[in-house]
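Input: a single structure, listed below in structure tokens.
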Amino acid sequence: MSSEQQELHLRLLMHPGYVRLNDRIRRYRQRMALVIAGSYLLFLFCFAITPGFLLQPVSVGNPTPWLVPLAAFLIIGQFLVTGVYIKHVNTVFDDELQRLRREVGY
């Protein structure tokens, strides 16, 4: 990195808008991590509290226990949360970062 690029990089890092953006990104990541961790913990808590119910078959003729569809919904939910996260980061945060880079001249 040349000295001019380093100077522009430091100007960007010290820009108040960039500091606020980093703070927003950090808080957004924390909320998404809480959603994901919370859903897994809720699933484990339900399994610990009511293992008998989760191991019962879905219907009389179907030997699949309730645990299987609930686990599938959990996995699908995690994919959806990840998709929402990626969409938000690629649209909102990237656009704001590009605007800040233009402001600084980076």
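Going by the structure tokens order, chains are called A, B, ..., each with residues numbered from 1, while ligands are numbered from 1 in the order shown.
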Got a sec: who's within 9 Å of region 29-34 of chain A, counting only C-alpha atoms, leaving out chain neighbours fewer than 4 positions off, as JSON, numbers by chain? {"A": [24, 25, 38, 39, 81, 82, 85]}
Can I get the selected residues back with C-alpha atoms, as a tab-separated table (two decimals), in the first residue's frame?
```tsv
chain	number	residue	atom	x	y	z
A	24	ARG	CA	-24.27	-0.29	13.38
A	25	ILE	CA	-22.73	-3.32	11.67
A	38	GLY	CA	-31.62	-18.26	20.63
A	39	SER	CA	-33.40	-20.50	18.16
A	81	VAL	CA	-31.80	-15.60	8.75
A	82	THR	CA	-28.49	-15.92	6.92
A	85	TYR	CA	-28.27	-10.89	6.93
```
Chain A: which residues are strand (DSSP E or B) by DSSP, as a ChimeraX atom specification? /A:57-59,62-65
